[in-house]
Amino acid sequence: MIGIRTISWWKILAIVLVLYSIIGGFLIDVPKLPILHETIRNTYFHVTLWFAMMILMAISMVYSIKTLSNPLSKNDEIAAETANIGLFFGILGLVTGMIWAQFTWGAFWVNDVKTNGTAITLLIYFAYLVLRGSIEDSEKKARISAVYNIFAFVMLILFLGILPRVNDSLHPGNGGNPAFGNYDMDNTMRMVFYPSIIGYLLLGLWLVDNRIRLRKINEQLEAEE
């Protein structure tokens with residue numbers, strides 16, 4: 001039975017904002033632009049998922065730094081689970097981006113610096129999960145994983161934030177292209193866009209919280225055996 005304490009106010013807010021972004025994303029009017037047309041609605045999903053992913057990965061990196069300075073199991077757990085959910089959001093962002101690319105660029109995958117950087121970044125974080133699974137000693141796992149996770153976040157910034165801005169890229173806001181907010185997002189879209197970022201971020205934190213609780217339950221069950 002779900003108790004009152006289980007459903008916190010921020011979890012309710014997460015549900016409300018995500019539902020609002022989905023309903024508003026499909027129903028609220030958007031600018032009628034050439035090439036993009038109705039696909040601009042993917043801004044509410046593809047872009048906001050990536051914003052949430054990057055924030056979650058930043059939180060993961062911060063807790064990895066905390067793990068190195070204060071090797072508590074709680075710090076390592078938060079670092080690991082935020083990276084897990086961040087990677088999940090990254091995959092969702094990649095899939096929604098591929099669908100968008102098919103309609104606007106004519107192919108699910110194009111040879112673009114940001115697209116390729118996205119694939120490399122996700123592979124780096126997949127390697128982080130493999131690394132954690134290959135080390136049995138908990139203290140050693142926490143230390144090595146923390147160092148690698150900091151490296152992974154630096155690579156994320158490099159491949160998704162820096163390289164696309166100094167090289168030619170099809171993505172808005174990169175390679176000399178103006179960002180969405182500069183030429184085709186109106187105030188109506190912003191009313192959905194920013195709440196969507198907050199909603200997906202809160203949803204991600206909720207999933208992190210659930211995974212940490214599940215981890216503790218499994219540890220208790222193993223201790224009782």
# chains A, B, ... in the order shown; residues from 1 in each chain; ligands from 1
$ residues_around --residues "Ser64 of chain A" --least-positions-apart "2" --cutoff "10 Å" --atoms "only C-alpha atoms" --output "list in words"
Ala58, Ile59, Ser60, Met61, Val62, Lys66, Thr67, Leu68, Ser69, Asn70, Pro71, Asn75, Asp76, Glu77, Ile78, Ala79, Ala80, Ala142, Arg143, Ile144, Ser145, Ala146, Val147, Tyr148, Asn149 and Ile150 of chain A
$ residues_around --residues "segment 13-17 of chain A" --least-positions-apart "5" --cutoff "6 Å" --atoms "only C-alpha atoms" --output "ChimeraX atom specification"
/A:199,202-203
$ residues_around --residues "Ile40 of chain A" --least-positions-apart "4" --cutoff "12 Å" --atoms "only C-alpha atoms" --output "PyMOL selection string"
chain A and resi 25-26+28-36+44-47+96-97+99-101+103-104+172+180-181+184-186+189+193
$ write_last_selection --atoms "C-alpha atoms" --output "tab-separated table (two decimals), in the first residue's frame"
chain	number	residue	atom	x	y	z
A	25	GLY	CA	3.26	19.55	-27.04
A	26	PHE	CA	0.70	17.96	-29.33
A	28	ILE	CA	-0.79	23.97	-28.60
A	29	ASP	CA	-0.17	25.93	-31.80
A	30	VAL	CA	3.42	26.16	-33.03
A	31	PRO	CA	5.08	28.48	-35.57
A	32	LYS	CA	4.46	27.45	-39.20
A	33	LEU	CA	8.00	27.19	-40.51
A	34	PRO	CA	9.40	25.72	-43.73
A	35	ILE	CA	11.09	22.29	-43.51
A	36	LEU	CA	10.26	21.89	-39.80
A	44	TYR	CA	9.28	19.53	-26.29
A	45	PHE	CA	10.60	15.97	-26.15
A	46	HIS	CA	13.97	15.57	-27.87
A	47	VAL	CA	15.57	18.79	-26.60
A	96	THR	CA	13.47	11.12	-30.81
A	97	GLY	CA	16.30	12.93	-32.58
A	99	ILE	CA	12.85	10.38	-35.89
A	100	TRP	CA	13.14	14.15	-36.24
A	101	ALA	CA	16.14	13.79	-38.57
A	103	PHE	CA	11.53	14.11	-41.44
A	104	THR	CA	13.81	17.17	-41.68
A	172	PRO	CA	20.51	24.53	-34.37
A	180	PHE	CA	15.85	27.64	-31.81
A	181	GLY	CA	15.17	30.40	-29.34
A	184	ASP	CA	11.57	30.04	-34.35
A	185	MET	CA	10.51	29.49	-30.73
A	186	ASP	CA	7.77	31.89	-29.70
A	189	MET	CA	6.31	27.36	-27.15
A	193	PHE	CA	9.34	24.03	-23.28
$ atom_distance --atom1 "atom CA of Gly86 of chain A" --atom2 "atom CA of Met53 of chain A"
4.6 Å
$ residues_around --residues "Ile85 of chain A" --least-positions-apart "2" --cutoff "8 Å" --atoms "only C-alpha atoms" --output "PDB file with C-alpha atoms, in the first residue's frame"
ATOM      1  CA  MET A  53      20.028  14.101 -19.230  1.00  0.00           C
ATOM      2  CA  LEU A  56      21.454  14.296 -14.322  1.00  0.00           C
ATOM      3  CA  GLU A  81      21.882   5.735 -10.417  1.00  0.00           C
ATOM      4  CA  THR A  82      21.816   9.273 -11.798  1.00  0.00           C
ATOM      5  CA  ALA A  83      24.180   8.073 -14.537  1.00  0.00           C
ATOM      6  CA  LEU A  87      21.831   7.306 -19.952  1.00  0.00           C
ATOM      7  CA  PHE A  88      18.209   6.157 -20.299  1.00  0.00           C
ATOM      8  CA  PHE A  89      17.113   9.718 -21.067  1.00  0.00           C
ATOM      9  CA  GLY A 204      14.451  11.421 -13.674  1.00  0.00           C
ATOM     10  CA  LEU A 207      13.401   7.181 -11.044  1.00  0.00           C
ATOM     11  CA  VAL A 208      16.787   7.616  -9.343  1.00  0.00           C
TER      12      VAL A 208
END
